[in-house]
$ cat protein_10.csv   # CSV, C-alpha atoms
chain,number,residue,atom,x,y,z
Z,1,MET,CA,-197.3,-160.1,-98.7
Z,2,HIS,CA,-198.9,-163.6,-98.8
Z,3,ASP,CA,-197.6,-164.1,-102.4
Z,4,ILE,CA,-194.0,-164.0,-101.3
Z,5,LEU,CA,-194.2,-165.9,-98.0
Z,6,ASP,CA,-192.6,-169.1,-99.3
Z,7,ASP,CA,-189.7,-167.4,-101.0
Z,8,ALA,CA,-189.2,-165.1,-98.0
Z,9,MET,CA,-189.0,-168.0,-95.7
Z,10,ARG,CA,-186.6,-169.9,-97.9
Z,11,ALA,CA,-184.2,-167.0,-97.9
Z,12,TRP,CA,-184.7,-166.4,-94.1
Z,13,LYS,CA,-184.1,-170.1,-93.2
Z,14,SER,CA,-181.0,-170.3,-95.3
Z,15,ASP,CA,-179.6,-167.3,-93.4
Z,16,ASP,CA,-179.6,-165.4,-96.7
Z,17,ILE,CA,-180.8,-161.8,-97.2
Z,18,ALA,CA,-183.5,-160.5,-99.5
Z,19,ALA,CA,-185.0,-157.1,-100.2
Z,20,VAL,CA,-188.8,-156.8,-99.9
Z,21,ALA,CA,-190.7,-153.9,-101.5
Z,22,THR,CA,-194.2,-153.3,-100.1
Z,23,VAL,CA,-196.9,-151.0,-101.3
Z,24,ILE,CA,-197.9,-149.2,-98.1
Z,25,ARG,CA,-200.3,-146.6,-99.6
Z,26,THR,CA,-202.1,-145.9,-102.8
Z,27,PHE,CA,-203.9,-143.0,-104.4
Z,28,ASP,CA,-206.3,-142.8,-107.4
Z,29,SER,CA,-206.1,-145.7,-109.9
Z,30,ALA,CA,-203.1,-147.5,-108.5
Z,31,PRO,CA,-202.8,-151.0,-110.0
Z,32,ARG,CA,-202.3,-153.0,-106.8
Z,33,PRO,CA,-203.5,-152.4,-103.2
Z,34,ALA,CA,-201.6,-151.6,-100.0
Z,35,GLY,CA,-199.9,-154.8,-98.8
Z,36,ALA,CA,-198.8,-156.0,-102.3
Z,37,ALA,CA,-195.2,-157.0,-102.1
Z,38,MET,CA,-192.2,-158.0,-104.3
Z,39,LEU,CA,-189.1,-159.9,-103.1
Z,40,VAL,CA,-185.7,-159.6,-104.7
Z,41,GLY,CA,-183.3,-162.3,-103.6
Z,42,SER,CA,-179.5,-161.9,-103.2
Z,43,ASP,CA,-179.1,-163.8,-106.4
Z,44,GLY,CA,-181.4,-161.4,-108.3
Z,45,THR,CA,-184.5,-163.6,-108.5
Z,46,VAL,CA,-187.9,-162.0,-108.2
Z,47,SER,CA,-191.2,-163.1,-106.8
Z,48,GLY,CA,-194.4,-161.1,-106.3
Z,49,SER,CA,-195.4,-157.8,-107.7
Z,50,VAL,CA,-196.1,-154.2,-106.5
Z,51,SER,CA,-197.8,-152.9,-109.6
Z,52,GLY,CA,-198.7,-155.6,-111.9
Z,53,GLY,CA,-195.8,-154.7,-114.1
Z,54,CYS,CA,-195.9,-150.9,-114.2
Z,55,VAL,CA,-192.9,-150.0,-112.0
Z,56,GLU,CA,-191.3,-153.4,-111.4
Z,57,GLY,CA,-188.1,-152.5,-113.2
Z,58,SER,CA,-187.5,-149.3,-111.1
Z,59,VAL,CA,-188.4,-151.1,-107.9
Z,60,TYR,CA,-186.1,-154.0,-108.8
Z,61,GLU,CA,-183.1,-151.5,-109.1
Z,62,LEU,CA,-184.0,-149.8,-105.9
Z,63,ALA,CA,-184.2,-153.2,-104.1
Z,64,GLN,CA,-180.7,-154.1,-105.3
Z,65,ASP,CA,-179.5,-150.8,-103.8
Z,66,VAL,CA,-181.1,-151.6,-100.5
Z,67,LEU,CA,-179.5,-155.1,-100.6
Z,68,ARG,CA,-176.1,-153.4,-101.0
Z,69,THR,CA,-176.5,-150.7,-98.4
Z,70,GLY,CA,-178.9,-152.3,-95.9
Z,71,THR,CA,-180.7,-148.9,-95.6
Z,72,PRO,CA,-184.5,-149.0,-96.0
Z,73,VAL,CA,-186.1,-146.6,-98.5
Z,74,LEU,CA,-189.5,-145.1,-98.9
Z,75,THR,CA,-190.3,-143.8,-102.4
Z,76,ARG,CA,-193.3,-142.7,-104.4
Z,77,TYR,CA,-194.3,-143.4,-107.9
Z,78,GLY,CA,-197.0,-141.3,-109.6
Z,79,VAL,CA,-198.1,-139.6,-112.7
Z,80,SER,CA,-197.3,-136.2,-111.3
Z,81,ASP,CA,-193.6,-137.1,-111.7
Z,82,ASP,CA,-191.7,-136.8,-115.0
Z,83,GLU,CA,-190.4,-140.3,-114.1
Z,84,ALA,CA,-193.9,-141.8,-114.2
Z,85,PHE,CA,-193.9,-142.5,-117.9
Z,86,ALA,CA,-190.3,-143.6,-117.8
Z,87,VAL,CA,-191.0,-146.3,-115.3
Z,88,GLY,CA,-194.3,-147.2,-116.8
Z,89,LEU,CA,-196.9,-146.0,-114.3
Z,90,THR,CA,-199.3,-144.6,-117.0
Z,91,CYS,CA,-202.5,-145.7,-115.4
Z,92,GLY,CA,-203.0,-142.5,-113.5
Z,93,GLY,CA,-202.3,-143.8,-110.0
Z,94,THR,CA,-199.8,-143.1,-107.3
Z,95,LEU,CA,-198.2,-145.5,-104.9
Z,96,ASP,CA,-195.8,-145.4,-102.0
Z,97,VAL,CA,-193.4,-148.3,-101.8
Z,98,PHE,CA,-191.2,-149.1,-98.8
Z,99,VAL,CA,-188.1,-151.3,-99.5
Z,100,GLU,CA,-186.3,-153.0,-96.7
Z,101,VAL,CA,-184.1,-156.0,-96.0
Z,102,PHE,CA,-185.4,-159.3,-94.7
Z,103,SER,CA,-182.9,-161.5,-92.9
Z,104,GLN,CA,-182.7,-163.4,-89.6
Z,105,GLN,CA,-180.8,-160.5,-88.2
Z,106,ALA,CA,-183.0,-157.7,-89.6
Z,107,PHE,CA,-186.3,-159.5,-88.9
Z,108,PRO,CA,-185.9,-162.2,-86.3
Z,109,GLU,CA,-189.7,-162.5,-85.8
Z,110,LEU,CA,-190.4,-163.5,-89.4
Z,111,GLY,CA,-190.5,-167.2,-88.7
Z,112,SER,CA,-193.2,-166.8,-86.0
Z,113,VAL,CA,-195.2,-164.4,-88.2
Z,114,VAL,CA,-195.3,-166.8,-91.1
Z,115,ALA,CA,-196.3,-169.6,-88.8
Z,116,ASP,CA,-199.2,-167.6,-87.5
Z,117,VAL,CA,-200.3,-166.6,-91.0
Z,118,ARG,CA,-200.3,-170.2,-92.1
Z,119,ASP,CA,-202.2,-171.3,-89.0
Z,120,ASN,CA,-204.8,-168.6,-89.5
Z,121,ILE,CA,-203.8,-166.9,-86.3
Z,122,PRO,CA,-204.3,-163.1,-86.5
Z,123,VAL,CA,-201.0,-161.2,-86.5
Z,124,ALA,CA,-199.9,-157.7,-87.5
Z,125,VAL,CA,-196.5,-156.3,-88.3
Z,126,ALA,CA,-196.0,-152.6,-87.5
Z,127,THR,CA,-193.0,-151.0,-89.3
Z,128,VAL,CA,-191.6,-147.5,-89.1
Z,129,VAL,CA,-191.5,-146.3,-92.7
Z,130,SER,CA,-190.8,-142.6,-92.0
Z,131,HIS,CA,-189.2,-140.8,-89.0
Z,132,THR,CA,-187.3,-137.6,-88.2
Z,133,ASP,CA,-184.6,-139.9,-86.7
Z,134,PRO,CA,-183.3,-142.1,-89.5
Z,135,GLU,CA,-182.2,-144.7,-87.0
Z,136,ARG,CA,-185.8,-145.5,-86.2
Z,137,ILE,CA,-186.8,-146.2,-89.9
Z,138,GLY,CA,-187.3,-149.9,-90.4
Z,139,ARG,CA,-187.9,-150.8,-86.8
Z,140,ARG,CA,-190.7,-153.4,-86.3
Z,141,MET,CA,-193.1,-154.6,-83.8
Z,142,VAL,CA,-195.2,-157.7,-84.1
Z,143,VAL,CA,-198.7,-157.6,-82.6
Z,144,GLY,CA,-200.6,-160.8,-82.0
Z,145,GLU,CA,-202.9,-162.7,-79.7
Z,146,ALA,CA,-200.0,-163.5,-77.3
Z,147,GLY,CA,-198.9,-159.8,-77.0
Z,148,THR,CA,-196.1,-157.9,-78.8
Z,149,ARG,CA,-192.6,-158.7,-79.9
Z,150,GLY,CA,-190.0,-156.2,-80.9
Z,151,SER,CA,-190.0,-152.4,-80.4
Z,152,LEU,CA,-190.4,-149.2,-82.4
Z,153,GLY,CA,-188.0,-147.3,-80.3
Z,154,SER,CA,-189.8,-146.3,-77.1
Z,155,ALA,CA,-192.4,-147.6,-74.6
Z,156,ARG,CA,-194.7,-144.8,-75.5
Z,157,ALA,CA,-194.6,-145.5,-79.2
Z,158,ASP,CA,-195.0,-149.2,-78.7
Z,159,ALA,CA,-198.1,-148.8,-76.5
Z,160,ALA,CA,-199.9,-146.4,-78.8
Z,161,ILE,CA,-199.2,-148.3,-82.0
Z,162,ALA,CA,-199.9,-151.7,-80.5
Z,163,ASP,CA,-203.3,-150.4,-79.5
Z,164,ASP,CA,-204.1,-149.1,-83.0
Z,165,ALA,CA,-202.7,-152.2,-84.6
Z,166,LYS,CA,-205.0,-154.4,-82.7
Z,167,GLY,CA,-207.9,-152.3,-83.9
Z,168,LEU,CA,-206.8,-152.7,-87.6
Z,169,LEU,CA,-206.1,-156.4,-87.1
Z,170,ALA,CA,-209.6,-157.0,-85.7
Z,171,ALA,CA,-211.0,-155.4,-88.9
Z,172,GLY,CA,-208.6,-157.3,-91.1
Z,173,ARG,CA,-207.2,-154.1,-92.6
Z,174,SER,CA,-203.8,-152.5,-93.2
Z,175,ALA,CA,-203.0,-148.8,-93.0
Z,176,VAL,CA,-200.3,-146.2,-92.6
Z,177,LEU,CA,-200.8,-144.3,-89.3
Z,178,THR,CA,-199.2,-141.0,-88.4
Z,179,TYR,CA,-197.8,-140.1,-84.9
Z,180,GLY,CA,-195.5,-137.6,-83.3
Z,181,PRO,CA,-191.8,-138.7,-83.2
Z,182,ASP,CA,-192.3,-140.6,-79.9
Z,183,GLY,CA,-195.8,-142.0,-80.6
Z,184,GLN,CA,-197.8,-138.9,-79.7
Z,185,ARG,CA,-201.3,-139.3,-81.1
Z,186,ARG,CA,-201.3,-135.6,-82.1
Z,187,GLY,CA,-198.5,-134.5,-84.3
Z,188,GLU,CA,-196.3,-135.6,-87.1
Z,189,GLY,CA,-192.8,-137.0,-87.5
Z,190,MET,CA,-193.4,-140.8,-87.6
Z,191,GLU,CA,-195.3,-142.9,-90.0
Z,192,VAL,CA,-196.0,-146.6,-89.3
Z,193,PHE,CA,-197.3,-149.1,-91.8
Z,194,VAL,CA,-199.4,-151.7,-90.0
Z,195,SER,CA,-199.7,-154.8,-92.2
Z,196,SER,CA,-202.6,-157.0,-90.9
Z,197,HIS,CA,-202.6,-160.7,-91.5
Z,198,ALA,CA,-206.0,-161.7,-90.4
Z,199,PRO,CA,-207.5,-165.1,-91.2
Z,200,PRO,CA,-209.3,-165.1,-94.6
Z,201,PRO,CA,-212.9,-164.1,-94.5
Z,202,ARG,CA,-215.6,-166.8,-94.5
Z,203,MET,CA,-218.2,-167.6,-97.1
Z,204,LEU,CA,-221.0,-169.8,-95.9
Z,205,VAL,CA,-222.9,-171.5,-98.7
Z,206,PHE,CA,-226.2,-173.1,-97.7
Z,207,GLY,CA,-227.7,-175.7,-100.0
Z,208,ALA,CA,-225.7,-178.7,-101.4
Z,209,ILE,CA,-226.6,-178.3,-105.0
Z,210,ASP,CA,-224.6,-178.0,-108.2
Z,211,PHE,CA,-224.7,-174.2,-108.0
Z,212,ALA,CA,-223.2,-174.4,-104.6
Z,213,ALA,CA,-220.1,-176.3,-106.0
Z,214,ALA,CA,-219.6,-173.5,-108.5
Z,215,VAL,CA,-220.1,-170.7,-105.9
Z,216,ALA,CA,-217.6,-172.5,-103.6
Z,217,GLN,CA,-215.0,-172.4,-106.4
Z,218,GLN,CA,-215.5,-168.7,-106.9
Z,219,GLY,CA,-215.3,-168.1,-103.2
Z,220,VAL,CA,-212.0,-169.8,-102.9
Z,221,PHE,CA,-210.7,-167.9,-105.9
Z,222,LEU,CA,-211.7,-164.6,-104.2
Z,223,GLY,CA,-209.8,-165.6,-101.0
Z,224,TYR,CA,-212.7,-166.8,-98.8
Z,225,ARG,CA,-212.6,-169.9,-96.5
Z,226,VAL,CA,-215.7,-171.7,-97.8
Z,227,THR,CA,-218.1,-173.8,-95.8
Z,228,VAL,CA,-221.0,-175.7,-97.5
Z,229,CYS,CA,-223.9,-176.6,-95.2
Z,230,ASP,CA,-227.0,-178.6,-95.8
Z,231,ALA,CA,-229.2,-180.8,-93.6
Z,232,ARG,CA,-229.3,-183.6,-96.1
Z,233,ALA,CA,-226.4,-185.9,-95.5
Z,234,VAL,CA,-226.8,-187.7,-98.8
Z,235,PHE,CA,-226.0,-184.4,-100.7
Z,236,ALA,CA,-223.6,-182.7,-98.3
Z,237,THR,CA,-220.4,-184.7,-98.9
Z,238,PRO,CA,-216.8,-183.5,-99.3
Z,239,GLN,CA,-216.6,-185.3,-102.7
Z,240,ARG,CA,-219.3,-183.1,-104.2
Z,241,PHE,CA,-217.6,-179.9,-103.0
Z,242,PRO,CA,-213.8,-180.4,-103.3
Z,243,ALA,CA,-213.2,-176.6,-103.2
Z,244,ALA,CA,-214.8,-176.1,-99.8
Z,245,GLU,CA,-212.7,-176.1,-96.6
Z,246,GLN,CA,-215.6,-177.7,-94.8
Z,247,VAL,CA,-218.8,-179.5,-95.7
Z,248,VAL,CA,-221.2,-179.6,-92.7
Z,249,VAL,CA,-224.4,-181.6,-92.2
Z,250,ALA,CA,-226.7,-179.5,-90.1
Z,251,TRP,CA,-229.9,-177.5,-90.2
Z,252,PRO,CA,-228.7,-174.2,-91.8
Z,253,HIS,CA,-230.3,-171.9,-89.2
Z,254,ASP,CA,-228.9,-173.9,-86.3
Z,255,TYR,CA,-225.4,-174.0,-87.8
Z,256,LEU,CA,-225.4,-170.2,-88.5
Z,257,ALA,CA,-226.6,-169.4,-85.0
Z,258,GLU,CA,-223.9,-171.7,-83.5
Z,259,GLN,CA,-221.2,-170.1,-85.5
Z,260,TRP,CA,-222.3,-166.7,-84.4
Z,261,SER,CA,-222.4,-167.7,-80.8
Z,262,ALA,CA,-218.9,-169.2,-81.1
Z,263,GLY,CA,-217.5,-165.9,-82.5
Z,264,GLU,CA,-216.7,-167.4,-85.8
Z,265,LEU,CA,-218.4,-164.8,-87.9
Z,266,ASP,CA,-217.4,-161.1,-88.5
Z,267,GLU,CA,-218.1,-158.1,-90.6
Z,268,ARG,CA,-216.3,-159.8,-93.6
Z,269,THR,CA,-218.5,-162.9,-93.6
Z,270,VAL,CA,-220.7,-163.5,-96.6
Z,271,VAL,CA,-223.8,-165.8,-96.7
Z,272,CYS,CA,-225.2,-167.3,-99.9
Z,273,VAL,CA,-228.5,-169.1,-99.5
Z,274,LEU,CA,-229.0,-171.4,-102.5
Z,275,THR,CA,-231.6,-173.9,-101.4
Z,276,HIS,CA,-234.7,-171.9,-102.5
Z,277,ASP,CA,-236.8,-174.1,-100.2
Z,278,PRO,CA,-238.8,-172.2,-97.6
Z,279,LYS,CA,-238.4,-174.8,-94.9
Z,280,PHE,CA,-234.6,-174.2,-95.0
Z,281,ASP,CA,-234.5,-170.6,-96.3
Z,282,VAL,CA,-236.9,-168.8,-94.0
Z,283,PRO,CA,-235.5,-170.0,-90.6
Z,284,LEU,CA,-232.0,-169.4,-91.9
Z,285,LEU,CA,-232.7,-165.9,-93.2
Z,286,GLU,CA,-234.5,-165.0,-89.9
Z,287,VAL,CA,-231.1,-165.6,-88.2
Z,288,ALA,CA,-228.9,-164.1,-90.9
Z,289,LEU,CA,-230.7,-160.8,-91.4
Z,290,ARG,CA,-230.9,-160.2,-87.7
Z,291,LEU,CA,-227.1,-160.6,-87.2
Z,292,PRO,CA,-225.6,-157.1,-87.1
Z,293,THR,CA,-222.2,-157.6,-88.8
Z,294,LEU,CA,-222.4,-159.8,-91.8
Z,295,ALA,CA,-221.0,-158.3,-95.0
Z,296,PHE,CA,-223.5,-159.9,-97.4
Z,297,VAL,CA,-226.6,-162.0,-97.3
Z,298,GLY,CA,-228.0,-163.2,-100.6
Z,299,ALA,CA,-230.6,-165.8,-101.5
Z,300,MET,CA,-231.2,-167.6,-104.8
Z,301,GLY,CA,-234.7,-168.0,-106.4
Z,302,SER,CA,-237.1,-166.7,-109.0
Z,303,ARG,CA,-239.1,-163.5,-108.6
Z,304,ARG,CA,-242.0,-165.6,-107.4
Z,305,THR,CA,-239.8,-167.4,-104.9
Z,306,HIS,CA,-238.4,-164.1,-103.7
Z,307,ASP,CA,-241.9,-162.6,-103.2
Z,308,ASP,CA,-243.1,-165.6,-101.3
Z,309,ARG,CA,-239.9,-165.7,-99.2
Z,310,THR,CA,-240.2,-162.0,-98.4
Z,311,ALA,CA,-243.8,-162.4,-97.3
Z,312,ARG,CA,-242.9,-165.3,-95.0
Z,313,LEU,CA,-240.1,-163.3,-93.5
Z,314,ARG,CA,-242.4,-160.3,-92.8
Z,315,ALA,CA,-244.8,-162.7,-91.2
Z,316,ALA,CA,-242.0,-163.9,-89.0
Z,317,GLY,CA,-241.5,-160.4,-87.7
Z,318,LEU,CA,-238.5,-159.1,-89.7
Z,319,THR,CA,-238.5,-155.3,-90.2
Z,320,GLU,CA,-238.2,-153.5,-93.5
Z,321,SER,CA,-234.7,-152.4,-92.4
Z,322,GLU,CA,-233.7,-156.0,-91.8
Z,323,LEU,CA,-235.2,-157.1,-95.1
Z,324,SER,CA,-233.3,-154.4,-97.0
Z,325,ARG,CA,-230.1,-156.2,-96.2
Z,326,LEU,CA,-231.1,-159.2,-98.3
Z,327,ALA,CA,-229.7,-159.5,-101.8
Z,328,SER,CA,-232.4,-161.4,-103.7
Z,329,PRO,CA,-232.5,-162.7,-106.3
Z,330,ILE,CA,-228.8,-163.1,-105.7
Z,331,GLY,CA,-226.3,-162.0,-108.3
Z,332,LEU,CA,-225.8,-159.3,-110.9
Z,333,ASP,CA,-227.6,-159.4,-114.3
Z,334,LEU,CA,-224.9,-161.0,-116.5
Z,335,GLY,CA,-227.3,-163.2,-118.5
Z,336,ALA,CA,-225.9,-166.2,-116.7
Z,337,ARG,CA,-227.3,-169.7,-117.5
Z,338,THR,CA,-224.9,-172.4,-116.2
Z,339,PRO,CA,-224.0,-172.9,-112.6
Z,340,GLN,CA,-220.5,-171.6,-113.3
Z,341,GLU,CA,-221.9,-168.4,-115.0
Z,342,THR,CA,-224.3,-167.9,-112.1
Z,343,ALA,CA,-221.5,-168.3,-109.6
Z,344,VAL,CA,-219.6,-165.5,-111.4
Z,345,SER,CA,-222.7,-163.2,-111.2
Z,346,ILE,CA,-223.0,-164.0,-107.4
Z,347,ALA,CA,-219.3,-163.3,-106.9
Z,348,ALA,CA,-219.6,-160.0,-108.9
Z,349,GLU,CA,-222.4,-158.8,-106.6
Z,350,ILE,CA,-220.4,-159.6,-103.5
Z,351,ILE,CA,-217.5,-157.6,-104.9
Z,352,ALA,CA,-219.7,-154.7,-105.9
Z,353,ARG,CA,-221.3,-154.5,-102.5
Z,354,ARG,CA,-217.9,-154.7,-100.8
Z,355,TRP,CA,-216.5,-151.8,-102.7
Z,356,GLY,CA,-219.6,-149.8,-103.6
Z,357,GLY,CA,-219.5,-150.7,-107.3
Z,358,THR,CA,-222.5,-150.2,-109.6
Z,359,GLY,CA,-222.2,-153.2,-111.8
Z,360,GLU,CA,-222.2,-151.0,-114.9
Z,361,PRO,CA,-219.7,-151.6,-117.7
Z,362,LEU,CA,-216.6,-149.5,-117.0
Z,363,GLY,CA,-216.6,-148.3,-120.6
Z,364,ALA,CA,-220.0,-146.7,-120.0
Z,365,ARG,CA,-218.8,-144.7,-116.9
Z,366,HIS,CA,-216.6,-141.6,-116.5
Z,367,GLY,CA,-214.1,-140.7,-113.9
Z,368,ARG,CA,-211.9,-142.9,-111.8
Z,369,ILE,CA,-212.1,-146.7,-112.0
Z,370,HIS,CA,-211.2,-147.5,-108.4
Z,371,HIS,CA,-213.4,-146.3,-105.5
Z,372,ASP,CA,-212.0,-144.1,-102.8
Z,373,SER,CA,-210.1,-145.4,-99.8
Z,374,ILE,CA,-211.9,-145.6,-96.5
Z,375,GLU,CA,-211.2,-143.3,-93.5
Z,376,ASP,CA,-209.3,-145.2,-90.8
Z,377,GLY,CA,-210.6,-143.1,-87.9
Z,378,HIS,CA,-207.1,-142.0,-87.1
Z,379,GLY,CA,-206.9,-139.1,-89.4
Z,380,GLY,CA,-205.7,-141.1,-92.4
Z,381,LYS,CA,-207.0,-143.5,-95.1
Z,382,TYR,CA,-206.5,-147.1,-95.8
Z,383,ASP,CA,-207.3,-149.5,-98.6
Z,384,ALA,CA,-209.4,-152.5,-97.5
Z,385,VAL,CA,-207.2,-155.5,-98.2
$ encode --input "protein_10.csv" --output "structure tokens"
Amino acid sequence: MHDILDDAMRAWKSDDIAAVATVIRTFDSAPRPAGAAMLVGSDGTVSGSVSGGCVEGSVYELAQDVLRTGTPVLTRYGVSDDEAFAVGLTCGGTLDVFVEVFSQQAFPELGSVVADVRDNIPVAVATVVSHTDPERIGRRMVVGEAGTRGSLGSARADAAIADDAKGLLAAGRSAVLTYGPDGQRRGEGMEVFVSSHAPPPRMLVFGAIDFAAAVAQQGVFLGYRVTVCDARAVFATPQRFPAAEQVVVAWPHDYLAEQWSAGELDERTVVCVLTHDPKFDVPLLEVALRLPTLAFVGAMGSRRTHDDRTARLRAAGLTESELSRLASPIGLDLGARTPQETAVSIAAEIIARRWGGTGEPLGARHGRIHHDSIEDGHGGKYDAV
């Protein structure tokens, strides 16, 4: 939804209406993940995308119908349908798309939701996308740090879904959850799409070197909030790292420990250690590898540097289990030479570890391209977005 926020707010503030189509669920090799959205204005203009071009024409027509009727619609596009090739979804995937009206009357909370997203305040929007009672479809509840706004139709449903939405929001994930018609945790009859808008994940880059500038650019490109940290003030300057959100002068291990104590790190945080200097690396990695929730910890250096660093970490008391979390030497084997190429190889390893990829050429593999969705713990699956 982030791609359409500006256009959605323009229509909303002008008291106009727009139709928004959102991918709520995907199967197999769907081209875009859950949460991807396309906006169709009352004047026919389009922004965003639900499929990268595959089914946009069909969704556009459906959105115009929703603008005329005001009635939300849930539809599925997939290769099992004769319609699939007609609308262009030839990639082998299936996606569920929910189309609804955005206006001040239909979505009075949109302004506050967008404000929270822009201020990096966690907020989730829970929308009824399927229900045995058609009058409940399209009802919304906003779940944030200050509580809930809106209602899904009953106090019981609101309580159950608010609780589950908070869990998804804490993990930064969106999902379709299934309940009984009145929010019963066992049963069917109501499906709710929880769209989580958590602050972007963090990338901490340690070492104010030219490779760090390139890695910071890649991190921003991937959607991370990037911090570059180094104890040497002469090198750690904002001018040298324009892509970074923050440039911090501090001893790396102290800064990482402080950020952890302040609750600023989570299971999505990635750490890239690029100094390849033991007086910085070893104390820093002692802290990083003992933190339980970091998504990725990688360190740059030659094979000799890696062996020396590993020996020092063992001497410092790190266990083999803790050492196994270290990606070193950092990056995939792309034959990289320049800082920019090396940054791409580091970004590629971060992506591969996030999704369980192998790093092999897709042309050399068989079967599906995209990896399976992840169990949501509520009887369903979600795509990590």
$ atom_distance --input "protein_10.csv" --atom1 "atom CA of Z:Val176" --atom2 "atom CA of Z:Ser151"
17.1 Å
$ atom_distance --input "protein_10.csv" --atom1 "atom CA of Z:Leu256" --atom2 "atom CA of Z:Thr227"
10.9 Å
$ closest_residue --input "protein_10.csv" --among "Z:Ala8, Z:Ala21, Z:Met141, Z:Leu177" --to "Z:Gln104" --atoms "only C-alpha atoms"
Z:Ala8
$ residues_around --input "protein_10.csv" --residues "Z:Arg232" --least-positions-apart "3" --cutoff "12 Å" --atoms "all atoms listed in the file" --output "list in words"
Phe206, Gly207, Ala208, Ile209, Val228, Cys229, Phe235, Ala236, Thr237, Val247, Val248, Val249, Ala250, Trp251, Pro252, Thr275 and Phe280 of chain Z
$ closest_residue --input "protein_10.csv" --among "Z:Val129, Z:Leu169, Z:Ala160, Z:Ile137" --to "Z:Phe98" --atoms "only C-alpha atoms"
Z:Val129
$ closest_residue --input "protein_10.csv" --among "Z:Pro283, Z:Pro200, Z:Pro361, Z:Pro181" --to "Z:Phe221" --atoms "all atoms listed in the file"
Z:Pro200
$ residues_near_point --input "protein_10.csv" --point "(-182.1, -157.5, -96.3)" --cutoff "7 Å" --atoms "only C-alpha atoms" --output "NGL selection string"
:Z and (17-19 or 67 or 70 or 100-103 or 106)
$ write_last_selection --input "protein_10.csv" --atoms "C-alpha atoms" --output "compact mmCIF listing (two decimals), in the frame of the given file"
# COMPACT_ATOMS: atom_id res chain seq x y z
CA ILE Z 17 -180.80 -161.80 -97.20
CA ALA Z 18 -183.50 -160.50 -99.50
CA ALA Z 19 -185.00 -157.10 -100.20
CA LEU Z 67 -179.50 -155.10 -100.60
CA GLY Z 70 -178.90 -152.30 -95.90
CA GLU Z 100 -186.30 -153.00 -96.70
CA VAL Z 101 -184.10 -156.00 -96.00
CA PHE Z 102 -185.40 -159.30 -94.70
CA SER Z 103 -182.90 -161.50 -92.90
CA ALA Z 106 -183.00 -157.70 -89.60
$ residues_around --input "protein_10.csv" --residues "Z:Val123" --least-positions-apart "5" --cutoff "9 Å" --atoms "all atoms listed in the file" --output "PyMOL selection string"
chain Z and resi 113+116-117+142-145+166+169+195-199
$ atom_distance --input "protein_10.csv" --atom1 "atom CA of Z:Ala124" --atom2 "atom CA of Z:Arg10"
20.8 Å
$ closest_residue --input "protein_10.csv" --among "Z:Arg136, Z:Arg68, Z:Arg25, Z:His276" --to "Z:Ala175" --atoms "all atoms listed in the file"
Z:Arg25
$ closest_residue --input "protein_10.csv" --among "Z:Leu318, Z:Ala37, Z:Ala171, Z:Leu74" --to "Z:Glu56" --atoms "only C-alpha atoms"
Z:Ala37
$ residues_around --input "protein_10.csv" --residues "Z:Asp7" --least-positions-apart "6" --cutoff "10 Å" --atoms "all atoms listed in the file" --output "PyMOL selection string"
chain Z and resi 13+18+39-41+45-48
$ write_last_selection --input "protein_10.csv" --atoms "C-alpha atoms" --output "mmCIF file, in the frame of the given file"
data_model
loop_
_atom_site.group_PDB
_atom_site.id
_atom_site.type_symbol
_atom_site.label_atom_id
_atom_site.label_comp_id
_atom_site.auth_asym_id
_atom_site.auth_seq_id
_atom_site.Cartn_x
_atom_site.Cartn_y
_atom_site.Cartn_z
ATOM 1 C CA LYS Z 13 -184.100 -170.100 -93.200
ATOM 2 C CA ALA Z 18 -183.500 -160.500 -99.500
ATOM 3 C CA LEU Z 39 -189.100 -159.900 -103.100
ATOM 4 C CA VAL Z 40 -185.700 -159.600 -104.700
ATOM 5 C CA GLY Z 41 -183.300 -162.300 -103.600
ATOM 6 C CA THR Z 45 -184.500 -163.600 -108.500
ATOM 7 C CA VAL Z 46 -187.900 -162.000 -108.200
ATOM 8 C CA SER Z 47 -191.200 -163.100 -106.800
ATOM 9 C CA GLY Z 48 -194.400 -161.100 -106.300
#
$ residues_around --input "protein_10.csv" --residues "Z:Val226" --least-positions-apart "5" --cutoff "10 Å" --atoms "only C-alpha atoms" --output "list in words"
Pro200, Pro201, Arg202, Met203, Leu204, Val205, Val215, Ala216, Gln217, Gln218, Gly219, Val220, Phe241, Ala243, Ala244, Glu245, Gln246, Val247 and Val270 of chain Z
$ closest_residue --input "protein_10.csv" --among "Z:Leu95, Z:Leu332, Z:Ala213, Z:Leu222" --to "Z:Thr358" --atoms "only C-alpha atoms"
Z:Leu332
$ residues_near_point --input "protein_10.csv" --point "(-187.2, -153.5, -107.9)" --cutoff "10 Å" --atoms "only C-alpha atoms" --output "compact mmCIF listing (two decimals) with C-alpha atoms, keeping the file's coordinate frame"
# COMPACT_ATOMS: atom_id res chain seq x y z
CA ALA Z 19 -185.00 -157.10 -100.20
CA VAL Z 20 -188.80 -156.80 -99.90
CA ALA Z 21 -190.70 -153.90 -101.50
CA MET Z 38 -192.20 -158.00 -104.30
CA LEU Z 39 -189.10 -159.90 -103.10
CA VAL Z 40 -185.70 -159.60 -104.70
CA GLY Z 44 -181.40 -161.40 -108.30
CA VAL Z 46 -187.90 -162.00 -108.20
CA SER Z 49 -195.40 -157.80 -107.70
CA VAL Z 50 -196.10 -154.20 -106.50
CA VAL Z 55 -192.90 -150.00 -112.00
CA GLU Z 56 -191.30 -153.40 -111.40
CA GLY Z 57 -188.10 -152.50 -113.20
CA SER Z 58 -187.50 -149.30 -111.10
CA VAL Z 59 -188.40 -151.10 -107.90
CA TYR Z 60 -186.10 -154.00 -108.80
CA GLU Z 61 -183.10 -151.50 -109.10
CA LEU Z 62 -184.00 -149.80 -105.90
CA ALA Z 63 -184.20 -153.20 -104.10
CA GLN Z 64 -180.70 -154.10 -105.30
CA ASP Z 65 -179.50 -150.80 -103.80
CA VAL Z 66 -181.10 -151.60 -100.50
CA VAL Z 99 -188.10 -151.30 -99.50
